[in-house]
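Undergrad: Quick one: the structure is below, questions incoming.
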Amino acid sequence: MAVGVGVFYFTPGNAGPPAAAGMSVEQLGDLVNQQSDMDPVTANAVASAKQRAYEKQVASDRLLAEKAKRDAKAAAALKARLQARRDAAKKAAALAKANPTTAQNKALGKQMNALKGWSGCWPSLLTMWTHESQWNERADNPGSNAYGIPQALPGSKMASAGPRWQTNSATQISWGLSYIKARYHDPCGAWSFWQAHHWY
């Protein structure tokens with residue numbers, strides 16, 4: 001499988017939040033506004049899929065843990081599943097070295113969030129996506145197949161937001177903000193829902 005690497009260049013200093021390489025603030029604004037019209041039916045379908053995947057993963061883990069108490073073979077299966085998750089996390093961390101840093105992704109997210117007029121909800125978005133993906137554009141949940149910074153399910157849905165959805169932080173953030181607007185109005189509403197359900 002070929003993997004592309006999205007590279008973002010940021011300008012240090014007091015010029016405000018950085019923009020994606022080759023994109024002006026106006027172009028980022030256009031990208032954000034272009035994605036602001038996800039219809040509620042699509043957003044609800046995505047949310048339903050995320051809820052089903054979360055509930056299935058929780059139920060599966062619970063059943064396996066209960067069975068592991070009675071069955072050494074199930075204990076080995078649970079151990080293997082947990083090891084696979086740890087291995088995936090290590091792989092994501094290794095890939096992250098060649099990718100934009102978490103700080104760069106957060107800065108881009110903060111800028112794009114502000115372009116939506118949601119500066120007051122930045123702490124909610126920051127916290128929620130830290131829980132979801134650690135702001136890693138290659139975060140892959142092996143239990144549900146959710147992918148990227150916003151943990152889109154499936155990740156391929158982000159192709160509607162722009163190019164190279166697998167590696168492009170701006171595309172992923174744009175899709176995530178569009179989903180949040182259509183389903184929860186803003187990141188404050190999404191974070192409130194996340195706190196009650198552990199998915200959004």
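Ligands are numbered from 1 in the order shown, residues from 1 within each chain, and chains are lettered A, B, ... in the order they appear in the structure tokens.
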Mind the document's chain letters and residue numbers, and return as a PyMOL selection string the residues of chain A that DSSP labels alpha helix (DSSP H).
TA: chain A and resi 25-34+40-70+72-96+102-115+122-133+169-184+187-197
Undergrad: Per residue of stretch 84-157 of chain A within 12 Å of stretch 179-195 of chain A, record the nearest atom pair and its distance in Å to one decimal, counting only C-alpha atoms, with rows in chain order and ascending residue number, as a Markdown table.
TA:
| residue | atom | partner | partner_atom | distance |
| --- | --- | --- | --- | --- |
| A:Gly109 | CA | A:Pro187 | CA | 11.6 |
| A:Lys110 | CA | A:Pro187 | CA | 11.5 |
| A:Asn113 | CA | A:Pro187 | CA | 8.7 |
| A:Ala114 | CA | A:Pro187 | CA | 11.2 |
| A:Lys116 | CA | A:Asp186 | CA | 9.0 |
| A:Gly117 | CA | A:Asp186 | CA | 9.3 |
| A:Trp118 | CA | A:Asp186 | CA | 7.0 |
| A:Ser119 | CA | A:Pro187 | CA | 9.7 |
| A:Gly120 | CA | A:Cys188 | CA | 8.3 |
| A:Cys121 | CA | A:Cys188 | CA | 5.2 |
| A:Trp122 | CA | A:Pro187 | CA | 7.3 |
| A:Pro123 | CA | A:Cys188 | CA | 8.3 |
| A:Ser124 | CA | A:Cys188 | CA | 5.4 |
| A:Leu125 | CA | A:Pro187 | CA | 5.3 |
| A:Leu126 | CA | A:Pro187 | CA | 9.1 |
| A:Thr127 | CA | A:Trp191 | CA | 8.0 |
| A:Met128 | CA | A:Trp191 | CA | 6.0 |
| A:Trp129 | CA | A:Trp191 | CA | 9.3 |
| A:Thr130 | CA | A:Trp191 | CA | 11.3 |
| A:His131 | CA | A:Trp194 | CA | 9.8 |
| A:Glu132 | CA | A:Trp194 | CA | 9.9 |
| A:Pro150 | CA | A:Tyr179 | CA | 9.2 |
| A:Gln151 | CA | A:Tyr179 | CA | 11.1 |
| A:Ala152 | CA | A:Tyr179 | CA | 9.2 |
| A:Leu153 | CA | A:Tyr179 | CA | 11.3 |
| A:Lys157 | CA | A:Tyr179 | CA | 10.4 |
Undergrad: Choose the residue, out of A:Met158, A:Ala103, A:Leu82, A:Ala196, that has the smallest atom-to-atom separation from A:Pro142; count only C-alpha atoms.
TA: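 Residue with the minimum atom-to-atom distance to A:Pro142: A:Leu82.
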Undergrad: Hey, can you check how far atom CA of A:Ala72 sits from atom CA of A:Ala84?
TA: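 Distance reported for this atom pair: 18.3 Å.
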Undergrad: Between atom CA of A:Asn136 and atom CA of A:Asp39, what is the distance, to one decimal in Å?
TA: 26.3 Å
